[in-house]
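Everything below belongs to model.cif, which stores mmCIF, C-alpha atoms.
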data_coords
loop_
_atom_site.label_atom_id
_atom_site.label_comp_id
_atom_site.auth_asym_id
_atom_site.auth_seq_id
_atom_site.Cartn_x
_atom_site.Cartn_y
_atom_site.Cartn_z
CA MET P 1 -89.61 -42.89 84.77
CA PRO P 2 -87.54 -40.46 82.68
CA LEU P 3 -89.59 -38.70 80.00
CA THR P 4 -88.42 -37.75 76.51
CA THR P 5 -89.84 -34.59 74.96
CA GLN P 6 -89.03 -32.24 72.11
CA ALA P 7 -87.53 -28.83 72.75
CA PRO P 8 -85.62 -26.14 70.84
CA VAL P 9 -82.10 -26.30 72.28
CA LEU P 10 -79.75 -23.32 72.10
CA ARG P 11 -76.19 -24.61 71.89
CA THR P 12 -74.20 -21.51 70.93
CA ALA P 13 -74.67 -17.82 71.65
CA ASP P 14 -74.93 -16.92 67.97
CA GLY P 15 -76.60 -20.06 66.68
CA PRO P 16 -80.25 -20.90 66.00
CA PHE P 17 -82.58 -22.82 68.24
CA VAL P 18 -82.75 -26.42 67.00
CA ILE P 19 -85.59 -28.81 67.85
CA GLU P 20 -84.15 -31.90 69.54
CA ASP P 21 -85.27 -34.81 71.68
CA ILE P 22 -84.26 -34.38 75.32
CA THR P 23 -84.79 -36.74 78.23
CA LEU P 24 -85.83 -35.10 81.49
CA ASP P 25 -84.44 -36.34 84.81
CA PRO P 26 -86.87 -38.00 87.24
CA LEU P 27 -88.86 -35.58 89.38
CA GLY P 28 -87.46 -34.38 92.69
CA PRO P 29 -89.69 -34.48 95.76
CA GLN P 30 -90.84 -30.84 95.33
CA ASP P 31 -91.13 -30.91 91.53
CA LEU P 32 -94.04 -30.86 89.12
CA LEU P 33 -94.11 -32.26 85.60
CA VAL P 34 -96.12 -29.89 83.40
CA ARG P 35 -97.39 -30.54 79.88
CA VAL P 36 -96.80 -27.12 78.36
CA ALA P 37 -99.78 -25.43 76.70
CA GLY P 38 -97.95 -22.24 75.72
CA THR P 39 -94.94 -20.18 76.68
CA GLY P 40 -94.11 -16.53 76.13
CA MET P 41 -90.86 -15.33 74.64
CA CYS P 42 -89.28 -12.71 76.89
CA HIS P 43 -86.17 -10.61 76.24
CA THR P 44 -84.72 -12.11 79.43
CA ASP P 45 -84.50 -15.43 77.58
CA LEU P 46 -82.25 -13.76 75.03
CA MET P 47 -79.72 -12.97 77.76
CA ALA P 48 -78.47 -16.45 76.90
CA ARG P 49 -77.03 -14.96 73.71
CA ASP P 50 -74.57 -12.92 75.75
CA PRO P 51 -71.24 -14.74 75.30
CA GLY P 52 -70.39 -14.52 78.99
CA LEU P 53 -73.61 -16.14 80.17
CA ALA P 54 -73.67 -18.53 77.23
CA SER P 55 -70.29 -19.92 78.23
CA VAL P 56 -71.71 -21.27 81.50
CA LEU P 57 -75.38 -21.82 80.57
CA LEU P 58 -75.42 -23.48 77.16
CA PRO P 59 -76.50 -25.90 75.88
CA ALA P 60 -79.87 -25.12 77.36
CA VAL P 61 -83.60 -25.07 76.89
CA LEU P 62 -84.93 -21.61 77.69
CA GLY P 63 -88.43 -20.23 78.31
CA HIS P 64 -89.69 -18.85 81.61
CA GLU P 65 -93.26 -17.76 80.89
CA GLY P 66 -94.90 -21.15 80.66
CA SER P 67 -98.41 -22.42 81.30
CA GLY P 68 -99.73 -25.94 81.22
CA VAL P 69 -101.29 -28.90 82.96
CA VAL P 70 -99.69 -30.88 85.80
CA THR P 71 -99.19 -34.50 84.77
CA ALA P 72 -97.11 -35.73 87.74
CA ALA P 73 -95.94 -34.46 91.11
CA GLY P 74 -93.01 -35.21 93.41
CA SER P 75 -93.38 -37.25 96.57
CA GLU P 76 -93.52 -34.21 98.90
CA VAL P 77 -96.00 -32.15 96.85
CA THR P 78 -99.39 -31.90 98.56
CA ASP P 79 -100.73 -28.60 97.20
CA PHE P 80 -100.90 -29.59 93.51
CA ALA P 81 -102.54 -32.53 91.82
CA VAL P 82 -102.49 -34.16 88.41
CA GLY P 83 -104.82 -32.17 86.13
CA ASP P 84 -104.24 -28.79 87.76
CA HIS P 85 -103.84 -25.89 85.33
CA VAL P 86 -100.83 -23.75 86.22
CA VAL P 87 -98.84 -20.69 85.23
CA MET P 88 -95.10 -21.02 85.87
CA SER P 89 -93.25 -18.00 87.24
CA PHE P 90 -89.89 -17.37 88.92
CA ASP P 91 -88.52 -19.68 91.61
CA SER P 92 -87.49 -18.89 95.18
CA CYS P 93 -85.94 -20.91 97.96
CA GLY P 94 -88.63 -20.39 100.60
CA GLY P 95 -86.16 -20.33 103.47
CA CYS P 96 -84.10 -17.14 103.28
CA ALA P 97 -84.93 -13.92 105.12
CA SER P 98 -86.68 -12.37 102.09
CA CYS P 99 -88.79 -15.46 101.40
CA ARG P 100 -89.77 -15.78 105.06
CA VAL P 101 -91.28 -12.28 105.04
CA GLY P 102 -93.17 -12.87 101.78
CA ASP P 103 -90.75 -11.11 99.40
CA PRO P 104 -89.70 -13.94 97.05
CA ALA P 105 -88.63 -11.66 94.18
CA TYR P 106 -85.63 -10.73 96.34
CA CYS P 107 -84.82 -14.27 97.41
CA GLU P 108 -81.18 -14.52 98.44
CA ASN P 109 -80.86 -17.48 96.06
CA PHE P 110 -82.64 -15.81 93.11
CA LEU P 111 -79.71 -15.99 90.69
CA GLU P 112 -78.92 -19.62 91.47
CA SER P 113 -82.56 -20.68 91.32
CA ASN P 114 -83.45 -18.86 88.12
CA LEU P 115 -80.45 -17.92 86.00
CA SER P 116 -78.11 -20.89 86.39
CA GLY P 117 -80.29 -23.14 84.26
CA ARG P 118 -79.55 -25.98 86.68
CA CYS P 119 -81.20 -27.72 89.58
CA ARG P 120 -80.20 -26.52 93.03
CA ASP P 121 -78.07 -29.64 93.48
CA GLY P 122 -76.12 -28.79 90.32
CA ARG P 123 -77.74 -31.26 87.92
CA SER P 124 -78.53 -30.06 84.40
CA GLY P 125 -82.01 -31.58 84.49
CA ALA P 126 -81.88 -33.41 81.16
CA THR P 127 -79.74 -35.14 78.58
CA GLY P 128 -79.77 -34.67 74.84
CA SER P 129 -80.04 -37.39 72.23
CA ASP P 130 -76.23 -37.45 72.16
CA GLY P 131 -76.18 -38.38 75.86
CA GLU P 132 -74.67 -35.06 76.91
CA ALA P 133 -76.15 -32.77 79.57
CA VAL P 134 -78.64 -30.05 78.57
CA ASN P 135 -79.60 -27.42 81.14
CA THR P 136 -83.38 -27.42 81.57
CA ARG P 137 -84.07 -25.48 84.75
CA TRP P 138 -83.99 -21.92 83.43
CA PHE P 139 -86.18 -20.07 85.93
CA ALA P 140 -86.95 -23.55 87.25
CA GLN P 141 -89.02 -24.43 84.18
CA SER P 142 -87.30 -24.18 80.73
CA SER P 143 -90.75 -24.12 79.19
CA TYR P 144 -89.75 -23.95 75.50
CA ALA P 145 -90.64 -27.62 75.39
CA GLY P 146 -93.47 -30.12 75.20
CA PHE P 147 -92.99 -30.87 78.91
CA ALA P 148 -91.31 -28.83 81.63
CA VAL P 149 -90.25 -29.56 85.20
CA ALA P 150 -91.33 -26.82 87.61
CA THR P 151 -91.44 -26.61 91.40
CA ARG P 152 -94.29 -26.16 93.82
CA ARG P 153 -92.90 -22.69 94.61
CA ASN P 154 -92.94 -21.28 91.07
CA ALA P 155 -96.27 -22.75 89.96
CA VAL P 156 -99.57 -20.88 90.32
CA LYS P 157 -102.93 -22.64 90.00
CA VAL P 158 -105.40 -21.04 87.62
CA ASP P 159 -109.03 -21.79 86.79
CA PRO P 160 -109.45 -24.47 84.11
CA ASP P 161 -111.97 -22.34 82.19
CA LEU P 162 -109.28 -19.79 81.26
CA PRO P 163 -107.43 -19.86 77.87
CA LEU P 164 -104.42 -21.67 79.30
CA GLU P 165 -102.20 -21.33 76.23
CA LEU P 166 -102.27 -17.51 76.56
CA LEU P 167 -101.50 -17.23 80.26
CA GLY P 168 -97.74 -17.88 80.38
CA PRO P 169 -96.66 -14.21 79.99
CA LEU P 170 -98.38 -13.46 83.28
CA GLY P 171 -95.49 -15.30 84.95
CA CYS P 172 -92.87 -12.67 84.11
CA GLY P 173 -93.31 -9.78 81.65
CA LEU P 174 -96.89 -8.85 82.49
CA GLN P 175 -96.30 -9.45 86.19
CA THR P 176 -93.21 -7.24 86.09
CA GLY P 177 -94.83 -4.25 84.40
CA ALA P 178 -98.06 -4.30 86.36
CA GLY P 179 -96.29 -5.20 89.59
CA VAL P 180 -94.01 -2.17 89.37
CA VAL P 181 -97.09 0.08 89.26
CA PHE P 182 -99.14 -1.66 91.95
CA ASN P 183 -96.51 -3.09 94.29
CA GLU P 184 -93.46 -0.85 94.00
CA MET P 185 -94.77 2.58 92.96
CA GLU P 186 -98.11 2.12 94.70
CA LEU P 187 -99.40 4.62 92.16
CA GLN P 188 -102.35 6.64 93.48
CA PRO P 189 -105.37 8.10 91.65
CA GLY P 190 -104.51 11.45 90.13
CA GLN P 191 -100.77 10.78 89.83
CA SER P 192 -98.72 10.71 86.62
CA ILE P 193 -96.31 8.20 85.11
CA ALA P 194 -93.85 8.09 82.19
CA VAL P 195 -93.09 4.69 80.67
CA PHE P 196 -89.98 4.27 78.52
CA GLY P 197 -90.32 1.30 76.20
CA ALA P 198 -93.68 -0.02 74.97
CA GLY P 199 -92.96 -3.72 74.95
CA THR P 200 -94.81 -6.22 77.11
CA VAL P 201 -93.47 -4.82 80.40
CA GLY P 202 -94.12 -1.21 79.47
CA LEU P 203 -97.62 -1.84 78.13
CA ALA P 204 -98.50 -3.90 81.21
CA ALA P 205 -97.51 -0.85 83.24
CA VAL P 206 -99.74 1.34 81.07
CA MET P 207 -102.73 -0.94 81.69
CA ALA P 208 -101.99 -1.06 85.41
CA ALA P 209 -101.60 2.73 85.62
CA LYS P 210 -105.00 3.18 84.01
CA ILE P 211 -106.54 0.76 86.51
CA ALA P 212 -104.82 2.64 89.37
CA GLY P 213 -106.35 5.93 88.25
CA ALA P 214 -103.36 7.79 86.80
CA THR P 215 -104.47 11.02 85.14
CA GLU P 216 -101.41 11.25 82.89
CA ILE P 217 -99.74 8.23 81.29
CA VAL P 218 -96.87 9.20 78.99
CA VAL P 219 -95.21 6.53 76.83
CA VAL P 220 -91.93 6.78 74.90
CA ASP P 221 -90.95 4.28 72.17
CA THR P 222 -89.40 4.41 68.71
CA HIS P 223 -91.86 1.94 67.16
CA PRO P 224 -95.02 3.69 65.82
CA GLY P 225 -97.18 0.58 66.08
CA ARG P 226 -96.33 0.15 69.74
CA LEU P 227 -97.16 3.79 70.44
CA ASP P 228 -100.54 3.26 68.77
CA MET P 229 -101.12 0.25 71.01
CA ALA P 230 -100.12 2.28 74.06
CA VAL P 231 -102.78 4.89 73.25
CA GLU P 232 -105.39 2.17 72.80
CA LEU P 233 -104.49 0.72 76.21
CA GLY P 234 -104.61 3.99 78.13
CA ALA P 235 -101.65 6.27 77.32
CA THR P 236 -102.65 9.93 77.36
CA ARG P 237 -99.58 11.09 75.41
CA VAL P 238 -96.80 9.42 73.43
CA HIS P 239 -93.34 10.44 72.23
CA SER P 240 -90.93 8.78 69.81
CA ASP P 241 -87.83 10.21 71.52
CA SER P 242 -87.05 10.43 75.23
CA LEU P 243 -85.37 13.81 74.69
CA GLN P 244 -88.68 15.26 73.50
CA LEU P 245 -90.14 14.57 76.90
CA VAL P 246 -87.07 15.74 78.81
CA ASN P 247 -86.96 19.02 76.90
CA ARG P 248 -90.62 19.72 77.59
CA ILE P 249 -90.07 19.25 81.31
CA VAL P 250 -86.80 21.21 81.37
CA GLY P 251 -88.69 23.89 79.47
CA GLY P 252 -91.17 24.34 82.26
CA GLU P 253 -93.67 21.49 82.00
CA SER P 254 -94.40 19.66 85.24
CA GLY P 255 -92.44 16.51 85.93
CA VAL P 256 -94.09 13.17 86.58
CA ASP P 257 -94.68 11.39 89.87
CA HIS P 258 -93.33 8.06 88.62
CA SER P 259 -91.24 6.77 85.74
CA LEU P 260 -90.38 3.30 84.48
CA ASP P 261 -87.50 2.36 82.19
CA THR P 262 -87.66 -1.02 80.46
CA THR P 263 -84.87 -0.41 77.92
CA SER P 264 -81.53 -0.45 79.80
CA VAL P 265 -80.33 2.18 77.30
CA PRO P 266 -78.11 4.59 79.29
CA ALA P 267 -79.56 7.81 77.85
CA VAL P 268 -83.10 6.58 78.32
CA MET P 269 -82.49 5.51 81.90
CA ALA P 270 -81.08 8.97 82.59
CA ALA P 271 -84.19 10.50 81.03
CA ALA P 272 -86.36 8.43 83.36
CA VAL P 273 -84.73 10.29 86.25
CA GLN P 274 -84.71 13.70 84.55
CA VAL P 275 -88.48 13.71 83.95
CA LEU P 276 -89.32 13.25 87.64
CA ALA P 277 -91.06 15.90 89.68
CA PRO P 278 -89.63 16.59 93.16
CA ARG P 279 -90.38 13.60 95.40
CA GLY P 280 -90.91 11.46 92.32
CA GLY P 281 -89.54 7.96 91.87
CA ALA P 282 -87.93 6.10 88.95
CA VAL P 283 -87.93 2.33 88.56
CA LEU P 284 -85.55 0.41 86.28
CA VAL P 285 -86.32 -3.14 85.14
CA GLY P 286 -84.41 -3.67 81.89
CA GLY P 287 -82.26 -6.77 81.59
CA GLY P 288 -79.64 -5.23 79.30
CA ALA P 289 -76.07 -4.34 80.10
CA GLY P 290 -76.37 -0.56 79.81
CA ALA P 291 -74.91 1.45 82.71
CA LEU P 292 -76.53 4.50 84.24
CA THR P 293 -74.36 7.53 84.93
CA ILE P 294 -76.04 10.37 86.79
CA GLN P 295 -75.11 13.38 88.85
CA PRO P 296 -76.07 12.82 92.50
CA SER P 297 -77.76 16.23 92.58
CA GLN P 298 -80.30 14.99 90.02
CA LEU P 299 -81.60 12.64 92.71
CA ALA P 300 -82.29 15.44 95.17
CA GLY P 301 -85.69 14.62 96.62
CA ARG P 302 -86.15 11.78 94.15
CA ARG P 303 -85.95 7.98 94.39
CA LEU P 304 -84.31 5.47 92.06
CA THR P 305 -84.50 1.69 92.32
CA TYR P 306 -84.18 -1.50 90.28
CA VAL P 307 -87.05 -3.98 90.60
CA LEU P 308 -87.23 -7.72 89.97
CA GLU P 309 -90.46 -9.44 88.89
CA GLY P 310 -92.60 -6.45 89.85
CA SER P 311 -91.85 -7.13 93.54
CA ALA P 312 -94.71 -9.63 93.23
CA VAL P 313 -95.75 -12.78 95.02
CA PRO P 314 -96.93 -14.76 91.97
CA GLN P 315 -99.46 -16.89 93.85
CA GLU P 316 -101.22 -13.70 94.96
CA PHE P 317 -100.58 -11.34 92.07
CA ILE P 318 -101.30 -13.49 89.01
CA PRO P 319 -104.88 -14.22 90.19
CA THR P 320 -105.33 -10.45 90.66
CA LEU P 321 -104.26 -9.77 87.08
CA LEU P 322 -106.60 -12.50 85.83
CA ARG P 323 -109.47 -10.87 87.71
CA TYR P 324 -108.69 -7.57 85.99
CA TRP P 325 -108.59 -9.43 82.65
CA ARG P 326 -112.00 -10.97 83.25
CA GLU P 327 -113.31 -7.49 84.02
CA GLY P 328 -111.93 -6.21 80.70
CA ARG P 329 -109.43 -3.88 82.40
CA PHE P 330 -106.19 -5.74 81.68
CA PRO P 331 -106.49 -6.96 78.06
CA PHE P 332 -103.04 -8.52 77.85
CA ASP P 333 -104.20 -10.92 75.14
CA ARG P 334 -104.08 -8.01 72.68
CA LEU P 335 -100.28 -8.07 72.89
CA ILE P 336 -99.96 -11.75 71.95
CA ARG P 337 -99.18 -13.40 68.63
CA ILE P 338 -99.19 -17.19 68.49
CA TYR P 339 -96.33 -19.18 66.90
CA PRO P 340 -95.77 -22.93 66.68
CA LEU P 341 -92.80 -23.84 68.86
CA ALA P 342 -91.05 -25.07 65.72
CA ASP P 343 -91.06 -21.44 64.50
CA ILE P 344 -89.13 -20.17 67.52
CA ASN P 345 -86.39 -18.58 65.41
CA GLN P 346 -88.95 -16.52 63.50
CA ALA P 347 -90.61 -15.55 66.79
CA GLU P 348 -87.25 -14.34 68.08
CA ALA P 349 -86.64 -12.27 64.95
CA ASP P 350 -90.11 -10.72 65.13
CA SER P 351 -89.66 -9.90 68.80
CA LEU P 352 -86.31 -8.21 68.20
CA SER P 353 -87.61 -6.19 65.24
CA GLY P 354 -90.67 -5.03 67.17
CA ALA P 355 -93.05 -6.68 64.71
CA THR P 356 -94.52 -8.75 67.55
CA ILE P 357 -94.93 -7.46 71.08
CA LYS P 358 -95.34 -10.81 72.85
CA PRO P 359 -94.75 -14.06 70.96
CA VAL P 360 -96.37 -17.10 72.56
CA LEU P 361 -95.08 -20.47 71.42
CA ILE P 362 -97.38 -23.49 71.27
CA PRO P 363 -95.57 -26.84 71.68
CA GLU P 364 -98.34 -29.02 70.25
CA SER P 365 -97.46 -27.66 66.81
CA VAL P 366 -93.89 -29.01 66.84
#
Could the structure of this file be written out as structure tokens, please?
Amino acid sequence: MPLTTQAPVLRTADGPFVIEDITLDPLGPQDLLVRVAGTGMCHTDLMARDPGLASVLLPAVLGHEGSGVVTAAGSEVTDFAVGDHVVMSFDSCGGCASCRVGDPAYCENFLESNLSGRCRDGRSGATGSDGEAVNTRWFAQSSYAGFAVATRRNAVKVDPDLPLELLGPLGCGLQTGAGVVFNEMELQPGQSIAVFGAGTVGLAAVMAAKIAGATEIVVVDTHPGRLDMAVELGATRVHSDSLQLVNRIVGGESGVDHSLDTTSVPAVMAAAVQVLAPRGGAVLVGGGAGALTIQPSQLAGRRLTYVLEGSAVPQEFIPTLLRYWREGRFPFDRLIRIYPLADINQAEADSLSGATIKPVLIPESV
């Protein structure tokens, strides 16, 4: 039976989120219906405010860092049951060459499965109270809602004794930052890293670098409070300007083994390359539209890549991060501030201003 739930719908690129009743389509054979416990707000969600994407995506329900409880499953689902606690992450097709070798972050159908906002068969996934289509499959979940439809490929079971409402950010931002360090950089004890941007992704990388045994963890951000948090989480040095760090290295200080840019700001991305030691590697993850211009000679003996979702397999990596959290080594909960889902517009403003590192929206408060 179709289910009606409340969700903040974004209808125009420059408009507010407005709480509306939406009716979800019946489950497909591989789908899960999840009662949402909490969902993180990620800057990737705000890509929907770009007029180009908005023109094909909206109206839509966003949210792609959801957690909750399975309340129904499609006819072909055998690995999840009603009552399972899950974190929802990115979707993948399961059949392409990347998926077949266990590399779902580089699924050949990643854009269609995650950024179209639609089901793979082209359906929107829901209708609004006006009877018009509303796209509700953003990252195959659209978890800014009381209920979300996920798939068996983007859901990860978690232990029921965990604080479920806090776990959603593990599905994207935290997974991305930590995954870059562990999966892509494969950072070794004694190595160094520079992190540009101390939001959720950057601070997850800081925590991961400390776990990995980095001896120098340098963080660059313009927000003093975020730099303070970076120090508390393991940064050995902080800067408020990327040029400060570049000038120190150009002036004779040793470069770093690894760098991570989360900002997509052209000058900052260039700095992430300039601070590398010979044989060092830079990783870009920002979702913005900034373009990187660099002289090829600056890459001599250095590596540069762009990474999706921390190159992670969520079903394997999220349990690893939860184990680190239980051990007190990955205290991601310190980044979180709780908001009722009805306060989503305030959460967005606080995220953009830097006042809140990771908003988590709780649907039960709508």
*Specify as a PyMOL selection string each residue included when the PyMOL selection byres ((chain P and resi 136-139) around 8) is applied to this file.*
chain P and resi 60-64+89-91+113-119+124-126+134-135+140-142+149-150
_Among listed residues P:Ile336, P:Ala289, P:Leu227, P:Leu284, nearest Leu167 in chain P (using only C-alpha atoms)_ =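 Nearest to Leu167 in chain P: P:Ile336.
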*Please provide the set of residues having any atom within 9 Å of Asp31 in chain P, restricted to all atoms listed in the file, with same-chain residues fewer than 5 positions apart removed, written as a ChimeraX atom specification.*
/P:72-77,149-153
*Ground truth for the PyMOL selection byres ((chain P and resi 37-49) around 7), written as number ranges by chain*: P: 13-14, 35-36, 50-51, 53-54, 62-63, 65-68, 143-144, 164-166, 168-169, 173, 287, 358-363
_Picked residues, the PyMOL selection byres ((chain P and resi 237) around 7), expected as a ChimeraX atom specification_ = /P:217-219,235-236,238
*Which is closer to Pro29 in chain P than all the others in P:Thr78, P:Ser351, P:Ser98, P:Ser55, using all atoms listed in the file?*
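Smallest separation from Pro29 in chain P among the options: P:Thr78.
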*asked:* From the options P:Ala312, P:Ala282, P:Ile22, P:Val220, which residue's atoms come nearest to Asp130 in chain P, counting only C-alpha atoms?
replied: P:Ile22
_Of the listed residues P:Ile338, P:Leu162, P:Ala155, P:Ile357, that which approaches Leu174 in chain P most closely, counting only C-alpha atoms_ = P:Ile357
*Please measure the separation of CA of Ala267 in chain P and CA of Leu335 in chain P, giving the value in Å to one decimal.*
26.6 Å
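CA of Val156 in chain P is positioned 21.2 Å from CA of Arg329 in chain P.
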_I'd like the neighbourhood of Val82 in chain P as an MDAnalysis selection string, where a residue qualifies if any of its atoms comes within 10 Å (using only C-alpha atoms), though same-chain residues fewer than 3 positions away should be ignored._
chainID P and resid 32:34 69:73 85
Any chance you can output those residues with C-alpha atoms as a tab-separated table (two decimals), keeping the file's coordinate frame?
chain	number	residue	atom	x	y	z
P	32	LEU	CA	-94.04	-30.86	89.12
P	33	LEU	CA	-94.11	-32.26	85.60
P	34	VAL	CA	-96.12	-29.89	83.40
P	69	VAL	CA	-101.29	-28.90	82.96
P	70	VAL	CA	-99.69	-30.88	85.80
P	71	THR	CA	-99.19	-34.50	84.77
P	72	ALA	CA	-97.11	-35.73	87.74
P	73	ALA	CA	-95.94	-34.46	91.11
P	85	HIS	CA	-103.84	-25.89	85.33
*Which of these, P:Gly28, P:Ala272, P:Ala214, P:Asn247, has the shortest distance to Asp121 in chain P once you count all atoms listed in the file?*
P:Gly28
*asked:* Report, in Å with one decimal, the straight-line distance from CA of Leu352 in chain P to CA of Tyr306 in chain P.
replied: 23.2 Å
_At a cut-off of 12 Å, using all atoms listed in the file, what residues contact Ala178 in chain P? Leave out same-chain residues fewer than 2 positions from it and give the result as JSON, numbers by chain._
{"P": [169, 170, 171, 172, 173, 174, 175, 176, 180, 181, 182, 183, 184, 185, 186, 187, 195, 200, 201, 202, 203, 204, 205, 206, 207, 208, 209, 210, 211, 212, 260, 285, 307, 308, 309, 310, 311, 312, 314, 317, 318, 320, 321, 322, 324, 330, 332]}
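If you measure from each of P:Val231, P:Met269, P:Val313, P:Val275 to Gly252 in chain P using only C-alpha atoms, the closest one turns out to be P:Val275.
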Using the partial input, fill out range 172-186 of chain P with N, CA, C and O atoms; write the result as a short mmCIF file (atom, residue, chain, number, x, y, z; two decimals), in the coordinates of the input.
data_model
loop_
_atom_site.label_atom_id
_atom_site.label_comp_id
_atom_site.auth_asym_id
_atom_site.auth_seq_id
_atom_site.Cartn_x
_atom_site.Cartn_y
_atom_site.Cartn_z
N CYS P 172 -94.06 -13.53 84.04
CA CYS P 172 -92.87 -12.67 84.11
C CYS P 172 -93.16 -11.28 83.56
O CYS P 172 -93.28 -10.33 84.31
N GLY P 173 -93.24 -11.11 82.24
CA GLY P 173 -93.31 -9.78 81.65
C GLY P 173 -94.50 -8.97 82.12
O GLY P 173 -94.36 -7.81 82.52
N LEU P 174 -95.68 -9.56 82.06
CA LEU P 174 -96.89 -8.85 82.49
C LEU P 174 -96.86 -8.59 83.99
O LEU P 174 -97.24 -7.52 84.47
N GLN P 175 -96.42 -9.59 84.74
CA GLN P 175 -96.30 -9.45 86.19
C GLN P 175 -95.32 -8.34 86.55
O GLN P 175 -95.55 -7.56 87.48
N THR P 176 -94.22 -8.25 85.80
CA THR P 176 -93.21 -7.24 86.09
C THR P 176 -93.77 -5.83 85.87
O THR P 176 -93.65 -4.96 86.74
N GLY P 177 -94.35 -5.58 84.70
CA GLY P 177 -94.83 -4.25 84.40
C GLY P 177 -95.95 -3.80 85.31
O GLY P 177 -95.94 -2.68 85.85
N ALA P 178 -96.95 -4.66 85.49
CA ALA P 178 -98.06 -4.30 86.36
C ALA P 178 -97.63 -4.25 87.82
O ALA P 178 -98.07 -3.39 88.59
N GLY P 179 -96.73 -5.16 88.21
CA GLY P 179 -96.29 -5.20 89.59
C GLY P 179 -95.52 -3.96 89.99
O GLY P 179 -95.63 -3.48 91.13
N VAL P 180 -94.72 -3.42 89.07
CA VAL P 180 -94.01 -2.17 89.37
C VAL P 180 -95.00 -1.09 89.76
O VAL P 180 -94.80 -0.34 90.72
N VAL P 181 -96.10 -0.98 89.01
CA VAL P 181 -97.09 0.08 89.26
C VAL P 181 -97.83 -0.17 90.57
O VAL P 181 -97.96 0.74 91.40
N PHE P 182 -98.31 -1.38 90.78
CA PHE P 182 -99.14 -1.66 91.95
C PHE P 182 -98.32 -1.89 93.22
O PHE P 182 -98.67 -1.39 94.29
N ASN P 183 -97.23 -2.64 93.10
CA ASN P 183 -96.51 -3.09 94.29
C ASN P 183 -95.37 -2.17 94.69
O ASN P 183 -95.12 -1.98 95.89
N GLU P 184 -94.65 -1.65 93.71
CA GLU P 184 -93.46 -0.85 94.00
C GLU P 184 -93.79 0.64 94.04
O GLU P 184 -93.49 1.32 95.02
N MET P 185 -94.40 1.16 92.98
CA MET P 185 -94.77 2.58 92.96
C MET P 185 -95.95 2.88 93.87
O MET P 185 -96.05 3.97 94.42
N GLU P 186 -96.84 1.89 93.99
CA GLU P 186 -98.11 2.12 94.70
C GLU P 186 -98.78 3.38 94.17
O GLU P 186 -99.20 4.27 94.93
#
